[in-house]
Amino acid sequence: MKKQSSLFLASLIAVSGFTAACTGGGNDSKDTKSTGDSGSGGGEEQVLNFASSSDIPTLDSSLATDQVSFDTFNQVMEGLYTLDKDDKAVPGVAEGDPEISKDGKTWTIKLRKDAKWSNGDPVTAKDFVFAWQRSLDPKTAAEYAYIMMDLKNAAAVNEGKMKPSELGVKAVDDNTLEIQLETAVPYFKELLAFGSFLPQNEKFVKEQGSKYGTTKDTTLYNGPFVLSEWNTEKNFQYKKNDQYWDKDKVKLTEINYQIVKDAQTALNMYTTGDIDAVGLTAENVDKYKSDKNFSTELDASTYFVRMNQGKNKDLANKNLRLALAKSIDKEKLTKTILNNGSIAIDTLMPKEFVKNEAGEDYISGVKSPLNYDKAEAQKYLEKAKKELGKDKFEFEYLTFDADTAKKAGEYVKEQVETSLPGVTLKIKQQPFKQKLELESKGNYELAFGGWGPDYPDPMTFLDMFVTKGAHNQTGWSNAEFDKMIKDAKGPLLQKPEERWTTLQDAETKFLDEAVIIPMYQAGGARLRQGYIKNFVTHKFAGDTTLKETYIEGKK
């Protein structure tokens with residue numbers, strides 16, 4: 001998603017200036033975090049131009065679930081904390097570090113008095129209380145409500161058993177926010193930097209009603225930039241926010257995004273100077289890999305195929321799911337179709353994302369049967385045919401309408417149909433927003449998608465697959481898995497070693513059930529002009545921070 005980063009969430013394939021889960025303009029992994037920590041851009045025009053393969057689905061932080069929206073939030077909104085270039089939480093609207101009780105359950109945060117909305121209203125503690133209560137109110141039907149379940153009474157509020165006013169958050173005064181947690185959460189400060197915890201101006205939101213966050217004029221901003229232009233499926237534009245409390249650090253005056261779904265068109269725009277960064281598809285990597293502006297980077301987002309047992313009852317058969325999961329040569333996919341630094345995986349979680357205190361990678365303790373093995377796939381298919389009493393299966397395969405997604409979809413179709421006699425796939429391509437809506441409604445059979453982490457913990461991937469989880473969307477349910485996740489969110493938070501192995505065991509169980517088909521950990525091959533300085537990217541939450549980005553040395 002990010003986040004169906006959105007993070008990712010979620011799932012751009014080719015031409016964005018974003019990084020996580022897409023192939024947008026970054027530098028190599030060492031320099032991408034920051035391409036220069038000082039400078040002002042001198043007297044040069046501070047305007048950046050990018051392309052995005054998808055439009056912004058929403059700017060309502062209570063409803064957003066995708067990568068593009070959360071990245072936009074990073075530029076035009078600001079929460080209590082933001083992430084620095086090393087992905088550490090630093091004060092945003094918060095004046096400083098929180099005051100935390102000895103049991104870790106009560107956080108008291110002072111807000112800076114100079115934080116303002118783009119209409120001149122002050123940003124107050126009440127704005128956070130209103131936003132969080134609104135997100136958890138069952139009437140809002142927020143898919144991301146579950147990410148707030150660490151707040152006291154959050155589950156009861158979201159289930160309608162308590163009133164939103166009973167949520168464990170209150171405004172002590174305009175500049176003091178008190179947060180009550182169900183249990184101490186070690187990553188909570190970083191979690192507060194995530195888009196779901198943004199403030200909302202109550203008066204403005206209620207005035208806009210259902211239109212809130214759907215256009216540039218029905219959205220209010222408190223970040224470094226404002227959305228100054230937004231034409232659906234055409235373009236969007238950020239301009240510097242003169243009401244922003246830290247505006248002196250903001251050097252860019254304008255950032256333009258054009259919606260471009262064809263990767264070659266985007267590359268042509270880069271070579272003619274119309275955009276400043278571009279993602280490269282497989283056929284162009286070798287041509288440009290010696291270019292001084294070329295780089296690749298391995299991201300923390302993973303891509304997989306959901307199998308919807310609720311929509312197609314055949315998929316409730318585990319042997320059929322195993323057959324599908326083992327029928328695709330993922331190594332060939334990453335090396336030929338993608339060719340951008342992505343790596344094949346057999347797990348849900350990415351490699352080198354989180355490690356324990358001993359420095360061990362989380363993935364090293366996870367076991368998966370979902371490797372490519374054509375012979376084994378055919379054995380599982382034969383078992384499924386006998387159990388289901390049929391020898392032919394047809395599935396609709398939902399994917400995106402970006403250029404690379406089409407090629408990857410055709411590859412998956414060819415692999416499945418070649419490996420599994422009697423199985424056919426019918427590809428259905430949809431624009432980003434419409435695809436997300438179909439998945440949310442469970443209106444699909446097989447769907448390609450991705451997930452980018454929201455905070456630095458395995459839970460950011462695993463808890464979306466609990467029974468009836470908002471992002472589960474597969475119809476799969478397992479009581480033992482649910483209990484592991486519940487324990488890891490509760491009592492085991494005080495037992496880090498036991499929690500670590502419990503989460504590894506939970507993912508092993510999930511993979512053994514073949515709920516999804518793991519495909520790859522996203523990499524990005526891109527060209528980005530060297531005159532773009534201090535372009536900061538993140539492994540979780542929104543993909544980029546452009547607050548202190550500037551242009552220097554452009555000819």
# chains A, B, ... in the order shown; residues from 1 in each chain; ligands from 1
$ select_by_dssp --residues "range 305-398 of chain A" --states "helix (DSSP H, G or I)" --output "VMD selection string"
chain A and resid 313 to 316 318 to 325 330 to 338 362 to 365 374 to 388
$ select_by_dssp --residues "range 29-271 of chain A" --states "strand (DSSP E)" --output "ChimeraX atom specification"
/A:47-52,81-83,89-91,99-100,106-110,169-173,176-180,225-231,235-240,254-259
$ residues_around --residues "range 351-360 of chain A" --least-positions-apart "4" --cutoff "7 Å" --atoms "only C-alpha atoms" --output "list in words"
Ala300, Pro456 and Asp457 of chain A
$ residues_around --residues "Met519 in chain A" --least-positions-apart "6" --cutoff "8 Å" --atoms "only C-alpha atoms" --output "list in words"
Thr302, Tyr303, Phe304, Val305, Lys330, Ala344, Ile345 and Asp346 of chain A
$ write_last_selection --atoms "N, CA and C atoms" --output "mmCIF file, in the first residue's frame"
data_model
loop_
_atom_site.group_PDB
_atom_site.id
_atom_site.type_symbol
_atom_site.label_atom_id
_atom_site.label_comp_id
_atom_site.auth_asym_id
_atom_site.auth_seq_id
_atom_site.Cartn_x
_atom_site.Cartn_y
_atom_site.Cartn_z
ATOM 1 N N THR A 302 5.416 -6.232 -0.764
ATOM 2 C CA THR A 302 5.333 -7.531 -1.426
ATOM 3 C C THR A 302 4.074 -7.596 -2.283
ATOM 4 N N TYR A 303 4.144 -8.411 -3.323
ATOM 5 C CA TYR A 303 3.012 -8.598 -4.233
ATOM 6 C C TYR A 303 2.600 -10.057 -4.235
ATOM 7 N N PHE A 304 1.301 -10.272 -4.362
ATOM 8 C CA PHE A 304 0.754 -11.619 -4.274
ATOM 9 C C PHE A 304 -0.590 -11.669 -4.977
ATOM 10 N N VAL A 305 -1.112 -12.870 -5.122
ATOM 11 C CA VAL A 305 -2.437 -13.061 -5.716
ATOM 12 C C VAL A 305 -3.381 -13.551 -4.621
ATOM 13 N N LYS A 330 8.190 -17.760 -10.529
ATOM 14 C CA LYS A 330 8.333 -16.368 -10.086
ATOM 15 C C LYS A 330 9.715 -15.796 -10.395
ATOM 16 N N ALA A 344 11.897 -12.807 -6.350
ATOM 17 C CA ALA A 344 10.834 -13.774 -6.125
ATOM 18 C C ALA A 344 10.780 -14.156 -4.651
ATOM 19 N N ILE A 345 9.570 -14.315 -4.107
ATOM 20 C CA ILE A 345 9.414 -14.715 -2.712
ATOM 21 C C ILE A 345 8.332 -15.785 -2.600
ATOM 22 N N ASP A 346 8.395 -16.539 -1.508
ATOM 23 C CA ASP A 346 7.379 -17.555 -1.211
ATOM 24 C C ASP A 346 6.647 -17.222 0.081
#
$ closest_atom_pairs --of "range 73-106 of chain A" --to "range 216-235 of chain A" --cutoff "10 Å" --atoms "only C-alpha atoms" --output "tab-separated table"
residue	atom	partner	partner_atom	distance
A:Phe73	CA	A:Gly223	CA	8.1
A:Asn74	CA	A:Gly223	CA	7.6
A:Gln75	CA	A:Phe225	CA	5.7
A:Val76	CA	A:Gly223	CA	4.3
A:Met77	CA	A:Gly223	CA	4.0
A:Glu78	CA	A:Gly223	CA	4.9
A:Gly79	CA	A:Gly223	CA	8.6
A:Gly92	CA	A:Gly223	CA	9.2
A:Val93	CA	A:Asn222	CA	9.1
$ write_last_selection --atoms "C-alpha atoms" --output "tab-separated table (two decimals), in the first residue's frame"
chain	number	residue	atom	x	y	z
A	73	PHE	CA	-1.02	12.68	2.77
A	74	ASN	CA	2.73	12.88	3.43
A	75	GLN	CA	2.90	16.02	1.30
A	76	VAL	CA	-0.35	17.85	2.12
A	77	MET	CA	-1.18	16.68	5.66
A	78	GLU	CA	0.70	16.33	8.92
A	79	GLY	CA	0.02	14.21	11.99
A	92	GLY	CA	5.11	17.17	13.35
A	93	VAL	CA	2.09	18.84	14.93
$ closest_atom_pairs --of "range 115-225 of chain A" --to "range 55-72 of chain A" --cutoff "6 Å" --atoms "only C-alpha atoms" --output "Markdown table"
| residue | atom | partner | partner_atom | distance |
| --- | --- | --- | --- | --- |
| A:Ser135 | CA | A:Ser62 | CA | 4.9 |
| A:Ala142 | CA | A:Leu63 | CA | 5.2 |
| A:Gly195 | CA | A:Phe70 | CA | 5.9 |
| A:Ser196 | CA | A:Ser61 | CA | 5.5 |
| A:Gly213 | CA | A:Leu59 | CA | 4.2 |
| A:Thr214 | CA | A:Thr58 | CA | 5.8 |
$ write_last_selection --atoms "all heavy atoms" --output "JSON list (two decimals), in the first residue's frame"
[["chain", "number", "residue", "atom", "x", "y", "z"],
["A", 135, "SER", "N", -13.15, 7.78, 12.40],
["A", 135, "SER", "CA", -12.63, 6.59, 11.72],
["A", 135, "SER", "C", -13.13, 5.31, 12.35],
["A", 135, "SER", "O", -13.35, 4.30, 11.66],
["A", 135, "SER", "CB", -11.10, 6.61, 11.74],
["A", 135, "SER", "OG", -10.60, 7.68, 10.95],
["A", 142, "ALA", "N", -14.87, 2.52, 7.90],
["A", 142, "ALA", "CA", -13.48, 2.67, 7.51],
["A", 142, "ALA", "C", -12.78, 1.31, 7.47],
["A", 142, "ALA", "O", -12.73, 0.61, 8.49],
["A", 142, "ALA", "CB", -12.76, 3.60, 8.48],
["A", 195, "GLY", "N", -0.99, 7.68, 8.05],
["A", 195, "GLY", "CA", -2.08, 8.54, 7.59],
["A", 195, "GLY", "C", -3.41, 8.37, 8.29],
["A", 195, "GLY", "O", -4.20, 9.32, 8.35],
["A", 196, "SER", "N", -3.69, 7.19, 8.82],
["A", 196, "SER", "CA", -4.97, 6.99, 9.50],
["A", 196, "SER", "C", -5.09, 7.80, 10.79],
["A", 196, "SER", "O", -6.18, 8.00, 11.30],
["A", 196, "SER", "CB", -5.16, 5.50, 9.83],
["A", 196, "SER", "OG", -5.25, 4.74, 8.65],
["A", 213, "GLY", "N", -12.89, 15.23, 0.89],
["A", 213, "GLY", "CA", -11.75, 14.48, 0.39],
["A", 213, "GLY", "C", -11.86, 13.99, -1.03],
["A", 213, "GLY", "O", -11.02, 13.23, -1.50],
["A", 214, "THR", "N", -12.89, 14.46, -1.75],
["A", 214, "THR", "CA", -13.09, 13.98, -3.13],
["A", 214, "THR", "C", -12.60, 14.95, -4.19],
["A", 214, "THR", "O", -12.45, 14.58, -5.35],
["A", 214, "THR", "CB", -14.58, 13.68, -3.40],
["A", 214, "THR", "OG1", -15.35, 14.89, -3.23],
["A", 214, "THR", "CG2", -15.10, 12.62, -2.42]]
$ residues_around --residues "Pro458 in chain A" --least-positions-apart "4" --cutoff "9 Å" --atoms "only C-alpha atoms" --output "PDB file with N, CA, C and O atoms, in the first residue's frame"
ATOM      1  N   MET A 349       5.638 -11.757   4.103  1.00  0.00           N
ATOM      2  CA  MET A 349       6.523 -10.683   4.554  1.00  0.00           C
ATOM      3  C   MET A 349       7.752 -10.555   3.654  1.00  0.00           C
ATOM      4  O   MET A 349       8.235 -11.553   3.113  1.00  0.00           O
ATOM      5  N   PHE A 353      13.262  -6.611   6.382  1.00  0.00           N
ATOM      6  CA  PHE A 353      12.378  -5.518   6.818  1.00  0.00           C
ATOM      7  C   PHE A 353      12.483  -5.294   8.313  1.00  0.00           C
ATOM      8  O   PHE A 353      12.737  -4.193   8.779  1.00  0.00           O
ATOM      9  N   VAL A 354      12.305  -6.349   9.086  1.00  0.00           N
ATOM     10  CA  VAL A 354      12.456  -6.240  10.544  1.00  0.00           C
ATOM     11  C   VAL A 354      13.330  -7.379  11.054  1.00  0.00           C
ATOM     12  O   VAL A 354      13.306  -8.493  10.522  1.00  0.00           O
ATOM     13  N   TYR A 362      13.369 -11.650  10.337  1.00  0.00           N
ATOM     14  CA  TYR A 362      12.105 -12.318  10.663  1.00  0.00           C
ATOM     15  C   TYR A 362      11.829 -13.496   9.731  1.00  0.00           C
ATOM     16  O   TYR A 362      11.415 -14.580  10.167  1.00  0.00           O
ATOM     17  N   PRO A 453       4.223  -1.934   4.117  1.00  0.00           N
ATOM     18  CA  PRO A 453       4.066  -1.838   5.564  1.00  0.00           C
ATOM     19  C   PRO A 453       3.677  -0.448   6.038  1.00  0.00           C
ATOM     20  O   PRO A 453       4.059   0.554   5.441  1.00  0.00           O
ATOM     21  N   LEU A 462       0.544  -9.234   8.863  1.00  0.00           N
ATOM     22  CA  LEU A 462      -0.192 -10.416   9.278  1.00  0.00           C
ATOM     23  C   LEU A 462      -1.628 -10.156   9.704  1.00  0.00           C
ATOM     24  O   LEU A 462      -2.517 -10.952   9.420  1.00  0.00           O
ATOM     25  N   ASP A 463      -1.880  -9.041  10.394  1.00  0.00           N
ATOM     26  CA  ASP A 463      -3.219  -8.883  10.962  1.00  0.00           C
ATOM     27  C   ASP A 463      -4.295  -8.580   9.921  1.00  0.00           C
ATOM     28  O   ASP A 463      -5.476  -8.600  10.226  1.00  0.00           O
ATOM     29  N   TRP A 500       7.835 -12.873  18.919  1.00  0.00           N
ATOM     30  CA  TRP A 500       8.542 -13.014  17.648  1.00  0.00           C
ATOM     31  C   TRP A 500       8.284 -14.383  17.026  1.00  0.00           C
ATOM     32  O   TRP A 500       7.910 -14.484  15.841  1.00  0.00           O
ATOM     33  N   LEU A 503       4.595 -14.898  15.889  1.00  0.00           N
ATOM     34  CA  LEU A 503       4.281 -14.282  14.604  1.00  0.00           C
ATOM     35  C   LEU A 503       4.857 -15.095  13.448  1.00  0.00           C
ATOM     36  O   LEU A 503       4.219 -15.252  12.400  1.00  0.00           O
ATOM     37  N   GLN A 504       6.060 -15.635  13.648  1.00  0.00           N
ATOM     38  CA  GLN A 504       6.640 -16.489  12.608  1.00  0.00           C
ATOM     39  C   GLN A 504       5.790 -17.739  12.402  1.00  0.00           C
ATOM     40  O   GLN A 504       5.534 -18.159  11.266  1.00  0.00           O
TER      41      GLN A 504
END
$ residues_around --residues "Thr501 in chain A" --least-positions-apart "4" --cutoff "8 Å" --atoms "only C-alpha atoms" --output "list in words"
Gly365, Glu497 and Asp505 of chain A
$ residues_around --residues "range 155-158 of chain A" --least-positions-apart "5" --cutoff "7 Å" --atoms "only C-alpha atoms" --output "list in words"
Leu136, Asp137, Pro138, Met149, Lys163, Pro164 and Leu167 of chain A
$ atom_distance --atom1 "CA of Gly469 in chain A" --atom2 "CA of Ser440 in chain A"
10.7 Å
$ closest_residue --among "A:Pro91, A:Gly475, A:Gly450, A:Gly422" --to "Gly310 in chain A" --atoms "only C-alpha atoms"
A:Gly475
$ atom_distance --atom1 "CA of Lys211 in chain A" --atom2 "CA of Phe130 in chain A"
17.6 Å
$ decode --residues "range 464-485 of chain A" --atoms "N, CA and C atoms" --output "PDB file, in the first residue's frame"
ATOM      1  N   MET A 464      -3.911  -8.326   8.681  1.00  0.00           N
ATOM      2  CA  MET A 464      -4.961  -8.099   7.685  1.00  0.00           C
ATOM      3  C   MET A 464      -5.670  -9.390   7.287  1.00  0.00           C
ATOM      4  N   PHE A 465      -5.121 -10.554   7.692  1.00  0.00           N
ATOM      5  CA  PHE A 465      -5.747 -11.810   7.298  1.00  0.00           C
ATOM      6  C   PHE A 465      -6.475 -12.512   8.444  1.00  0.00           C
ATOM      7  N   VAL A 466      -6.794 -11.780   9.507  1.00  0.00           N
ATOM      8  CA  VAL A 466      -7.637 -12.360  10.549  1.00  0.00           C
ATOM      9  C   VAL A 466      -9.057 -12.529  10.001  1.00  0.00           C
ATOM     10  N   THR A 467      -9.841 -13.341  10.667  1.00  0.00           N
ATOM     11  CA  THR A 467     -11.212 -13.586  10.230  1.00  0.00           C
ATOM     12  C   THR A 467     -11.991 -12.281  10.080  1.00  0.00           C
ATOM     13  N   LYS A 468     -12.570 -12.086   8.922  1.00  0.00           N
ATOM     14  CA  LYS A 468     -13.354 -10.906   8.582  1.00  0.00           C
ATOM     15  C   LYS A 468     -12.538  -9.611   8.644  1.00  0.00           C
ATOM     16  N   GLY A 469     -11.225  -9.725   8.549  1.00  0.00           N
ATOM     17  CA  GLY A 469     -10.385  -8.528   8.495  1.00  0.00           C
ATOM     18  C   GLY A 469     -10.721  -7.706   7.260  1.00  0.00           C
ATOM     19  N   ALA A 470     -10.684  -6.390   7.392  1.00  0.00           N
ATOM     20  CA  ALA A 470     -11.102  -5.510   6.294  1.00  0.00           C
ATOM     21  C   ALA A 470     -10.309  -5.756   5.015  1.00  0.00           C
ATOM     22  N   HIS A 471      -9.035  -6.158   5.147  1.00  0.00           N
ATOM     23  CA  HIS A 471      -8.205  -6.392   3.964  1.00  0.00           C
ATOM     24  C   HIS A 471      -7.961  -7.873   3.706  1.00  0.00           C
ATOM     25  N   ASN A 472      -8.653  -8.734   4.440  1.00  0.00           N
ATOM     26  CA  ASN A 472      -8.534 -10.171   4.195  1.00  0.00           C
ATOM     27  C   ASN A 472      -9.090 -10.476   2.802  1.00  0.00           C
ATOM     28  N   GLN A 473     -10.353 -10.197   2.603  1.00  0.00           N
ATOM     29  CA  GLN A 473     -10.985 -10.236   1.271  1.00  0.00           C
ATOM     30  C   GLN A 473     -10.842 -11.582   0.546  1.00  0.00           C
ATOM     31  N   THR A 474     -10.555 -12.639   1.309  1.00  0.00           N
ATOM     32  CA  THR A 474     -10.370 -13.957   0.693  1.00  0.00           C
ATOM     33  C   THR A 474     -11.411 -14.971   1.147  1.00  0.00           C
ATOM     34  N   GLY A 475     -12.152 -14.660   2.196  1.00  0.00           N
ATOM     35  CA  GLY A 475     -13.101 -15.618   2.743  1.00  0.00           C
ATOM     36  C   GLY A 475     -12.447 -16.657   3.636  1.00  0.00           C
ATOM     37  N   TRP A 476     -11.129 -16.567   3.827  1.00  0.00           N
ATOM     38  CA  TRP A 476     -10.401 -17.528   4.672  1.00  0.00           C
ATOM     39  C   TRP A 476     -10.545 -17.170   6.133  1.00  0.00           C
ATOM     40  N   SER A 477     -10.676 -18.185   6.968  1.00  0.00           N
ATOM     41  CA  SER A 477     -10.798 -17.982   8.407  1.00  0.00           C
ATOM     42  C   SER A 477     -10.132 -19.135   9.132  1.00  0.00           C
ATOM     43  N   ASN A 478      -9.333 -18.815  10.163  1.00  0.00           N
ATOM     44  CA  ASN A 478      -8.656 -19.851  10.928  1.00  0.00           C
ATOM     45  C   ASN A 478      -8.549 -19.398  12.379  1.00  0.00           C
ATOM     46  N   ALA A 479      -9.218 -20.105  13.278  1.00  0.00           N
ATOM     47  CA  ALA A 479      -9.285 -19.709  14.680  1.00  0.00           C
ATOM     48  C   ALA A 479      -7.907 -19.702  15.342  1.00  0.00           C
ATOM     49  N   GLU A 480      -7.060 -20.662  15.000  1.00  0.00           N
ATOM     50  CA  GLU A 480      -5.730 -20.731  15.607  1.00  0.00           C
ATOM     51  C   GLU A 480      -4.877 -19.537  15.175  1.00  0.00           C
ATOM     52  N   PHE A 481      -4.955 -19.208  13.893  1.00  0.00           N
ATOM     53  CA  PHE A 481      -4.240 -18.027  13.386  1.00  0.00           C
ATOM     54  C   PHE A 481      -4.743 -16.765  14.100  1.00  0.00           C
ATOM     55  N   ASP A 482      -6.050 -16.635  14.207  1.00  0.00           N
ATOM     56  CA  ASP A 482      -6.643 -15.471  14.880  1.00  0.00           C
ATOM     57  C   ASP A 482      -6.118 -15.334  16.309  1.00  0.00           C
ATOM     58  N   LYS A 483      -6.023 -16.460  17.018  1.00  0.00           N
ATOM     59  CA  LYS A 483      -5.561 -16.414  18.409  1.00  0.00           C
ATOM     60  C   LYS A 483      -4.100 -15.978  18.495  1.00  0.00           C
ATOM     61  N   MET A 484      -3.276 -16.476  17.579  1.00  0.00           N
ATOM     62  CA  MET A 484      -1.869 -16.074  17.559  1.00  0.00           C
ATOM     63  C   MET A 484      -1.734 -14.566  17.383  1.00  0.00           C
ATOM     64  N   ILE A 485      -2.521 -14.021  16.461  1.00  0.00           N
ATOM     65  CA  ILE A 485      -2.466 -12.589  16.199  1.00  0.00           C
ATOM     66  C   ILE A 485      -2.977 -11.807  17.413  1.00  0.00           C
TER      67      ILE A 485
END
